[in-house]
Amino acid sequence: MSLNVKSAIESGKTALGIEFGSTRIKAVLVGEDNVPIASGAHDWENKYVDNIWTYSVDDIWKGLQDSYQKLAGDVKQQYGVTLKTVGALGFSAMMHGYMAFDQDGELLVPFRTWRNNITEQASTELTKLFNYQIPQRWSIAHLYQAILNGEEHVANISFQTTLAGYVHWKLTGKKVLGVGEASGVFPIDLDTKNYNERMIEQFNQLVEPENLPWQLENILPDVLVAGENAGVLTEEGAKLLDPSGVLQAGIPLCPPEGDAGTGMVATNSVAKRTGNVSAGTSVFAMVVLEKDLAKVHPEIDLVTTPTGNLVAMSHSNNCSSDLNAWVGLFGEFAQTLGIEVDANKLYGTLYHKAL
């Protein structure tokens with residue numbers, strides 16, 4: 001087994017996935033049979049700054065680099081191989097939120113995460129305008145709320161994306177999103193697998209009195225479905241991911257997705273009439289629908305699978321935060337006694353004990 005794995009790593013017949021969760025950034029390397037063969041993780045925490053839940057740009061890159069270095073170290077320790085390339089690479093992250101950039105690629109305001117319930121007026125007005133549920137955490141709600149608030153940065157927006165889209169853009173130069181992630185930015189037309197053009201026009205008309213120097217369709221990322229080419233790792237991107245310079249450029253990337261999409265894939269719940277529950281910092285249940293809902297249901301958010309099928313989601317902002325604190329306390333206690341316990345083992349032990 002180890003010889004086969006070692007050969008796969010050396011020949012680049014592996015795939016690397018990196019996800020930015022709310023409390024951990026995790027990198028996982030899988031072999032040709034899609035079984036994990038190495039991993040690395042970096043713990044991080046959002047900060048409450050000026051009434052906004054956020055992560056700094058420095059935290060994003062330090063966390064990404066640390067998780068990758070730990071993965072590469074795990075590969076070296078287990079298989080005696082230096083990780084130089086992989087066959088495919090993909091990023092996913094907490095969905096929604098607001099990252100707005102000017103024409104020079106500079107972040108205009110601190111990253112506003114999905115945890116910020118500060119867009120109630122925008123959410124309500126857009127839901128009524130579109131006759132389509134627009135949750136507070138969606139990117140379009142954040143954008144419209146910034147317009148309603150009269151925030152100066154809005155006029156300088158050249159590009160708006162999510163955390164996964166931001167990381168992918170910096171590593172490939174491509175301003176794209178997977179359709180599942182894009183469905184948390186703006187409503188998706190299920191026929192075209194792209195943003196709903198009628199609603200785009202409605203939004204542009206709504207904000208026309210503001211005389212903004214952009215149209216909505218020109219500042220959003222392009223939408224891709226699973227399997228489409230989303231670019232390759234550039235030389236600059238390779239150095240961003242691996243500052244040691246060992247990782248080679250040219251690796252193909254899949255479209256960046258949201259954590260809802262990765263949950264669907266991980267539980268094999270991408271087909272119609274299937275569903276799953278995700279219990280993390282937030283908790284949500286999802287069911288893949290056979291057709292559109294007949295009317296707006298404020299308790300049901302509509303997103304899509306990575307292939308563009310409609311998904312009904314029921315979401316609550318809070319789930320495992322208290323559990324995370326307890327696990328941290330138990331870990332600190334064990335460390336004080338001179339016992340090093342991996343966080344995965346702590347979580348697993350507690351979950352199995354709870355049964």
# chains A, B, ... in the order shown; residues from 1 in each chain; ligands from 1

$ residues_around --residues "Ala100 (chain A)" --least-positions-apart "6" --cutoff "9 Å" --atoms "only C-alpha atoms" --output "VMD selection string"
chain A and resid 106 to 111 143 153 to 154 156 to 162

$ residues_around --residues "Ile140 (chain A)" --least-positions-apart "6" --cutoff "12 Å" --atoms "only C-alpha atoms" --output "PyMOL selection string"
chain A and resi 96-100+114+119+122-127+130+133-134+146-147+160-162+182-187+195+199-200+203-204+216-217+219-220

$ write_last_selection --atoms "N, CA, C and O atoms" --output "short mmCIF file (atom, residue, chain, number, x, y, z; two decimals), in the first residue's frame"
data_model
loop_
_atom_site.label_atom_id
_atom_site.label_comp_id
_atom_site.auth_asym_id
_atom_site.auth_seq_id
_atom_site.Cartn_x
_atom_site.Cartn_y
_atom_site.Cartn_z
N HIS A 96 -20.77 32.48 1.16
CA HIS A 96 -21.38 33.80 1.30
C HIS A 96 -20.36 34.86 1.72
O HIS A 96 -19.20 34.78 1.37
N GLY A 97 -20.84 35.85 2.45
CA GLY A 97 -19.96 36.91 2.91
C GLY A 97 -19.65 37.92 1.82
O GLY A 97 -20.23 37.90 0.73
N TYR A 98 -18.70 38.80 2.12
CA TYR A 98 -18.48 39.98 1.27
C TYR A 98 -17.01 40.34 1.22
O TYR A 98 -16.40 40.68 2.23
N MET A 99 -16.41 40.19 0.03
CA MET A 99 -15.05 40.66 -0.21
C MET A 99 -15.09 41.51 -1.48
O MET A 99 -15.36 41.00 -2.57
N ALA A 100 -14.85 42.80 -1.32
CA ALA A 100 -14.93 43.75 -2.43
C ALA A 100 -13.56 44.36 -2.69
O ALA A 100 -12.87 44.77 -1.74
N TRP A 114 -20.02 35.23 6.74
CA TRP A 114 -21.42 34.80 6.78
C TRP A 114 -22.06 35.01 8.15
O TRP A 114 -23.29 35.02 8.27
N THR A 119 -27.58 42.79 7.62
CA THR A 119 -28.14 43.17 6.32
C THR A 119 -29.65 42.94 6.25
O THR A 119 -30.19 42.66 5.19
N ALA A 122 -31.59 45.07 3.62
CA ALA A 122 -31.28 44.64 2.25
C ALA A 122 -31.91 43.29 1.95
O ALA A 122 -32.49 43.08 0.88
N SER A 123 -31.80 42.37 2.89
CA SER A 123 -32.36 41.04 2.72
C SER A 123 -33.87 41.09 2.48
O SER A 123 -34.39 40.46 1.56
N THR A 124 -34.55 41.89 3.28
CA THR A 124 -36.02 42.01 3.17
C THR A 124 -36.42 42.63 1.83
O THR A 124 -37.32 42.13 1.14
N GLU A 125 -35.74 43.73 1.46
CA GLU A 125 -36.11 44.44 0.23
C GLU A 125 -35.81 43.60 -1.02
O GLU A 125 -36.61 43.58 -1.97
N LEU A 126 -34.68 42.90 -1.03
CA LEU A 126 -34.32 42.10 -2.20
C LEU A 126 -35.22 40.87 -2.33
O LEU A 126 -35.58 40.47 -3.44
N THR A 127 -35.58 40.27 -1.20
CA THR A 127 -36.50 39.12 -1.24
C THR A 127 -37.82 39.54 -1.86
O THR A 127 -38.39 38.83 -2.70
N PHE A 130 -37.20 40.36 -5.81
CA PHE A 130 -36.97 39.19 -6.65
C PHE A 130 -38.06 38.13 -6.51
O PHE A 130 -38.15 37.22 -7.34
N GLN A 133 -36.08 34.10 -1.92
CA GLN A 133 -35.48 34.28 -0.61
C GLN A 133 -34.00 34.68 -0.69
O GLN A 133 -33.18 33.97 -1.27
N ILE A 134 -33.67 35.85 -0.13
CA ILE A 134 -32.29 36.34 -0.08
C ILE A 134 -31.88 36.42 1.39
O ILE A 134 -32.24 37.36 2.10
N ALA A 146 -24.54 47.75 1.91
CA ALA A 146 -23.48 48.77 1.85
C ALA A 146 -23.95 49.98 1.05
O ALA A 146 -23.63 51.13 1.38
N ILE A 147 -24.72 49.72 -0.03
CA ILE A 147 -25.29 50.82 -0.82
C ILE A 147 -26.31 51.60 0.01
O ILE A 147 -26.28 52.84 0.03
N GLN A 160 -16.18 41.67 -6.88
CA GLN A 160 -16.70 41.18 -5.61
C GLN A 160 -16.72 39.66 -5.64
O GLN A 160 -17.17 39.06 -6.62
N THR A 161 -16.25 39.03 -4.56
CA THR A 161 -16.23 37.58 -4.54
C THR A 161 -16.37 37.06 -3.11
O THR A 161 -16.61 37.83 -2.18
N THR A 162 -16.18 35.75 -2.95
CA THR A 162 -16.22 35.10 -1.64
C THR A 162 -14.80 34.70 -1.24
O THR A 162 -13.85 34.87 -2.01
N ALA A 182 -21.48 30.16 -6.09
CA ALA A 182 -22.11 31.33 -6.71
C ALA A 182 -23.56 31.49 -6.29
O ALA A 182 -24.08 32.61 -6.23
N SER A 183 -24.23 30.38 -5.96
CA SER A 183 -25.64 30.45 -5.55
C SER A 183 -25.81 31.13 -4.20
O SER A 183 -26.93 31.49 -3.83
N GLY A 184 -24.72 31.32 -3.46
CA GLY A 184 -24.76 32.09 -2.23
C GLY A 184 -24.32 33.53 -2.44
O GLY A 184 -24.25 34.31 -1.50
N VAL A 185 -24.02 33.85 -3.67
CA VAL A 185 -23.67 35.23 -4.05
C VAL A 185 -24.89 35.93 -4.64
O VAL A 185 -25.25 37.04 -4.24
N PHE A 186 -25.56 35.23 -5.59
CA PHE A 186 -26.72 35.77 -6.28
C PHE A 186 -27.54 34.60 -6.80
O PHE A 186 -26.98 33.55 -7.13
N PRO A 187 -28.88 34.75 -6.90
CA PRO A 187 -29.71 33.64 -7.38
C PRO A 187 -29.27 33.11 -8.74
O PRO A 187 -28.88 33.87 -9.63
N TYR A 195 -25.96 33.26 -13.24
CA TYR A 195 -26.79 34.19 -12.49
C TYR A 195 -28.10 34.47 -13.23
O TYR A 195 -28.13 34.50 -14.46
N MET A 199 -33.16 38.95 -12.63
CA MET A 199 -32.90 39.55 -11.32
C MET A 199 -31.69 40.49 -11.35
O MET A 199 -31.67 41.50 -10.65
N ILE A 200 -30.70 40.17 -12.18
CA ILE A 200 -29.57 41.09 -12.38
C ILE A 200 -30.09 42.43 -12.88
O ILE A 200 -29.70 43.50 -12.38
N PHE A 203 -31.91 44.34 -10.19
CA PHE A 203 -30.98 44.98 -9.23
C PHE A 203 -30.37 46.23 -9.84
O PHE A 203 -30.28 47.27 -9.16
N ASN A 204 -29.94 46.15 -11.08
CA ASN A 204 -29.35 47.32 -11.73
C ASN A 204 -30.32 48.49 -11.78
O ASN A 204 -29.93 49.65 -11.57
N LEU A 216 -23.94 45.31 -12.12
CA LEU A 216 -23.70 44.15 -11.26
C LEU A 216 -23.00 43.01 -12.00
O LEU A 216 -22.06 42.41 -11.47
N GLU A 217 -23.45 42.72 -13.24
CA GLU A 217 -22.89 41.58 -13.96
C GLU A 217 -21.39 41.74 -14.25
O GLU A 217 -20.70 40.75 -14.51
N ILE A 219 -19.11 43.00 -12.08
CA ILE A 219 -18.24 42.91 -10.90
C ILE A 219 -18.31 41.53 -10.24
O ILE A 219 -17.55 41.26 -9.30
N LEU A 220 -19.18 40.66 -10.73
CA LEU A 220 -19.29 39.33 -10.13
C LEU A 220 -18.38 38.32 -10.85
O LEU A 220 -18.10 38.47 -12.04
#

$ select_by_dssp --residues "region 32-141 of chain A" --states "strand (DSSP E)" --output "number ranges by chain"
A: 36-43, 47-49, 52-54, 88-93, 99-101

$ write_last_selection --atoms "N, CA, C and O atoms" --output "short mmCIF file (atom, residue, chain, number, x, y, z; two decimals), in the first residue's frame"
data_model
loop_
_atom_site.label_atom_id
_atom_site.label_comp_id
_atom_site.auth_asym_id
_atom_site.auth_seq_id
_atom_site.Cartn_x
_atom_site.Cartn_y
_atom_site.Cartn_z
N PRO A 36 -8.06 9.39 1.58
CA PRO A 36 -7.07 10.32 2.12
C PRO A 36 -5.77 9.61 2.49
O PRO A 36 -5.78 8.53 3.08
N ILE A 37 -4.64 10.23 2.12
CA ILE A 37 -3.35 9.64 2.42
C ILE A 37 -2.48 10.57 3.27
O ILE A 37 -1.48 10.12 3.84
N ALA A 38 -2.83 11.84 3.37
CA ALA A 38 -2.09 12.77 4.22
C ALA A 38 -2.95 14.00 4.46
O ALA A 38 -3.87 14.30 3.68
N SER A 39 -2.63 14.73 5.54
CA SER A 39 -3.42 15.93 5.83
C SER A 39 -2.60 16.91 6.66
O SER A 39 -1.56 16.55 7.24
N GLY A 40 -3.08 18.11 6.70
CA GLY A 40 -2.49 19.15 7.54
C GLY A 40 -3.56 20.16 7.88
O GLY A 40 -4.46 20.42 7.08
N ALA A 41 -3.50 20.74 9.08
CA ALA A 41 -4.56 21.65 9.51
C ALA A 41 -3.98 22.84 10.25
O ALA A 41 -2.90 22.77 10.84
N HIS A 42 -4.73 23.93 10.20
CA HIS A 42 -4.36 25.16 10.90
C HIS A 42 -5.61 25.69 11.59
O HIS A 42 -6.64 25.91 10.94
N ASP A 43 -5.52 25.88 12.90
CA ASP A 43 -6.65 26.43 13.65
C ASP A 43 -6.64 27.95 13.53
O ASP A 43 -5.58 28.59 13.61
N LYS A 47 -12.45 37.34 14.19
CA LYS A 47 -12.33 38.43 15.17
C LYS A 47 -13.52 39.38 14.98
O LYS A 47 -14.02 39.56 13.87
N TYR A 48 -13.95 39.98 16.08
CA TYR A 48 -15.05 40.95 16.03
C TYR A 48 -14.44 42.34 16.08
O TYR A 48 -14.03 42.82 17.14
N VAL A 49 -14.34 42.98 14.91
CA VAL A 49 -13.67 44.26 14.78
C VAL A 49 -14.65 45.29 14.22
O VAL A 49 -15.21 45.10 13.14
N ILE A 52 -17.95 43.95 13.18
CA ILE A 52 -17.93 43.05 12.04
C ILE A 52 -17.14 41.78 12.40
O ILE A 52 -16.03 41.87 12.92
N TRP A 53 -17.73 40.60 12.10
CA TRP A 53 -16.98 39.35 12.20
C TRP A 53 -16.10 39.24 10.96
O TRP A 53 -16.59 39.30 9.83
N THR A 54 -14.78 39.08 11.18
CA THR A 54 -13.87 39.11 10.05
C THR A 54 -12.64 38.24 10.30
O THR A 54 -12.35 37.84 11.43
N ALA A 88 -4.33 17.41 -9.30
CA ALA A 88 -5.44 18.36 -9.31
C ALA A 88 -5.50 19.05 -7.96
O ALA A 88 -5.09 18.50 -6.93
N LEU A 89 -6.03 20.28 -7.96
CA LEU A 89 -6.09 21.09 -6.75
C LEU A 89 -7.43 21.81 -6.70
O LEU A 89 -7.96 22.22 -7.74
N GLY A 90 -7.99 21.94 -5.50
CA GLY A 90 -9.26 22.65 -5.37
C GLY A 90 -9.41 23.30 -4.01
O GLY A 90 -8.89 22.78 -3.01
N PHE A 91 -10.12 24.42 -3.99
CA PHE A 91 -10.37 25.14 -2.74
C PHE A 91 -11.86 25.24 -2.47
O PHE A 91 -12.67 25.39 -3.38
N SER A 92 -12.18 25.16 -1.20
CA SER A 92 -13.55 25.46 -0.77
C SER A 92 -13.45 26.27 0.52
O SER A 92 -12.40 26.29 1.17
N ALA A 93 -14.54 26.91 0.88
CA ALA A 93 -14.51 27.77 2.06
C ALA A 93 -15.92 28.04 2.55
O ALA A 93 -16.90 27.75 1.86
N MET A 99 -16.41 40.19 0.03
CA MET A 99 -15.05 40.66 -0.21
C MET A 99 -15.09 41.51 -1.48
O MET A 99 -15.36 41.00 -2.57
N ALA A 100 -14.85 42.80 -1.32
CA ALA A 100 -14.93 43.75 -2.43
C ALA A 100 -13.56 44.36 -2.69
O ALA A 100 -12.87 44.77 -1.74
N PHE A 101 -13.17 44.43 -3.97
CA PHE A 101 -11.84 44.87 -4.36
C PHE A 101 -11.91 46.01 -5.36
O PHE A 101 -12.84 46.09 -6.17
#

$ atom_distance --atom1 "CA of Gln77 (chain A)" --atom2 "CA of Thr349 (chain A)"
25.0 Å

$ select_by_dssp --residues "region 79-230 of chain A" --states "alpha helix (DSSP H)" --output "ChimeraX atom specification"
/A:79,120-130,139-148,163-172,179-182,197-206,216-219

$ residues_around --residues "Leu346 (chain A)" --least-positions-apart "4" --cutoff "9 Å" --atoms "only C-alpha atoms" --output "list in words"
Val327, Phe330, Gly331, Val341, Asp342, Leu350 and Tyr351 of chain A

$ write_last_selection --atoms "C-alpha atoms" --output "mmCIF file, in the first residue's frame"
data_model
loop_
_atom_site.group_PDB
_atom_site.id
_atom_site.type_symbol
_atom_site.label_atom_id
_atom_site.label_comp_id
_atom_site.auth_asym_id
_atom_site.auth_seq_id
_atom_site.Cartn_x
_atom_site.Cartn_y
_atom_site.Cartn_z
ATOM 1 C CA VAL A 327 -12.545 20.368 23.156
ATOM 2 C CA PHE A 330 -9.799 19.188 27.310
ATOM 3 C CA GLY A 331 -6.847 19.524 24.935
ATOM 4 C CA VAL A 341 -3.722 14.544 21.862
ATOM 5 C CA ASP A 342 -4.656 15.325 18.263
ATOM 6 C CA LEU A 350 -16.279 12.760 22.495
ATOM 7 C CA TYR A 351 -18.667 12.022 19.622
#

$ residues_around --residues "Ser320 (chain A)" --least-positions-apart "5" --cutoff "8 Å" --atoms "only C-alpha atoms" --output "list in words"
Ala279, Gly280, Thr281 and Ser282 of chain A

$ write_last_selection --atoms "N, CA and C atoms" --output "PDB file, in the first residue's frame"
ATOM      1  N   ALA A 279     -23.049  19.707  10.569  1.00  0.00           N
ATOM      2  CA  ALA A 279     -22.979  20.264  11.927  1.00  0.00           C
ATOM      3  C   ALA A 279     -21.571  20.773  12.179  1.00  0.00           C
ATOM      4  N   GLY A 280     -21.386  22.072  12.053  1.00  0.00           N
ATOM      5  CA  GLY A 280     -20.099  22.705  12.318  1.00  0.00           C
ATOM      6  C   GLY A 280     -20.325  23.941  13.161  1.00  0.00           C
ATOM      7  N   THR A 281     -19.595  25.022  12.865  1.00  0.00           N
ATOM      8  CA  THR A 281     -19.848  26.270  13.578  1.00  0.00           C
ATOM      9  C   THR A 281     -21.306  26.686  13.382  1.00  0.00           C
ATOM     10  N   SER A 282     -21.815  26.483  12.158  1.00  0.00           N
ATOM     11  CA  SER A 282     -23.258  26.606  11.903  1.00  0.00           C
ATOM     12  C   SER A 282     -23.807  25.203  11.671  1.00  0.00           C
TER      13      SER A 282
END

$ atom_distance --atom1 "CA of Phe20 (chain A)" --atom2 "CA of Ala164 (chain A)"
7.7 Å

$ residues_around --residues "Gly87 (chain A)" --least-positions-apart "5" --cutoff "6 Å" --atoms "only C-alpha atoms" --output "MDAnalysis selection string"
chainID A and resid 12:15

$ residues_around --residues "Glu197 (chain A)" --least-positions-apart "4" --cutoff "9 Å" --atoms "only C-alpha atoms" --output "JSON, numbers by chain"
{"A": [188, 189, 201, 202, 217]}

$ residues_around --residues "Thr262 (chain A)" --least-positions-apart "6" --cutoff "10 Å" --atoms "only C-alpha atoms" --output "CSV table (one decimal) with C-alpha atoms, in the first residue's frame"
chain,number,residue,atom,x,y,z
A,17,GLY,CA,-8.3,19.8,-1.5
A,19,GLU,CA,-11.1,24.0,2.9
A,91,PHE,CA,-10.4,25.1,-2.7
A,92,SER,CA,-13.5,25.5,-0.8
A,93,ALA,CA,-14.5,27.8,2.1
A,180,GLY,CA,-22.8,26.0,-5.7
A,268,ASN,CA,-22.8,11.5,-1.7
A,269,SER,CA,-25.9,13.8,-1.5
A,270,VAL,CA,-25.7,15.5,-4.9
A,305,THR,CA,-25.2,21.4,-6.0
A,306,PRO,CA,-21.8,21.8,-7.6

$ atom_distance --atom1 "CA of Ile339 (chain A)" --atom2 "CA of Lys353 (chain A)"
19.6 Å
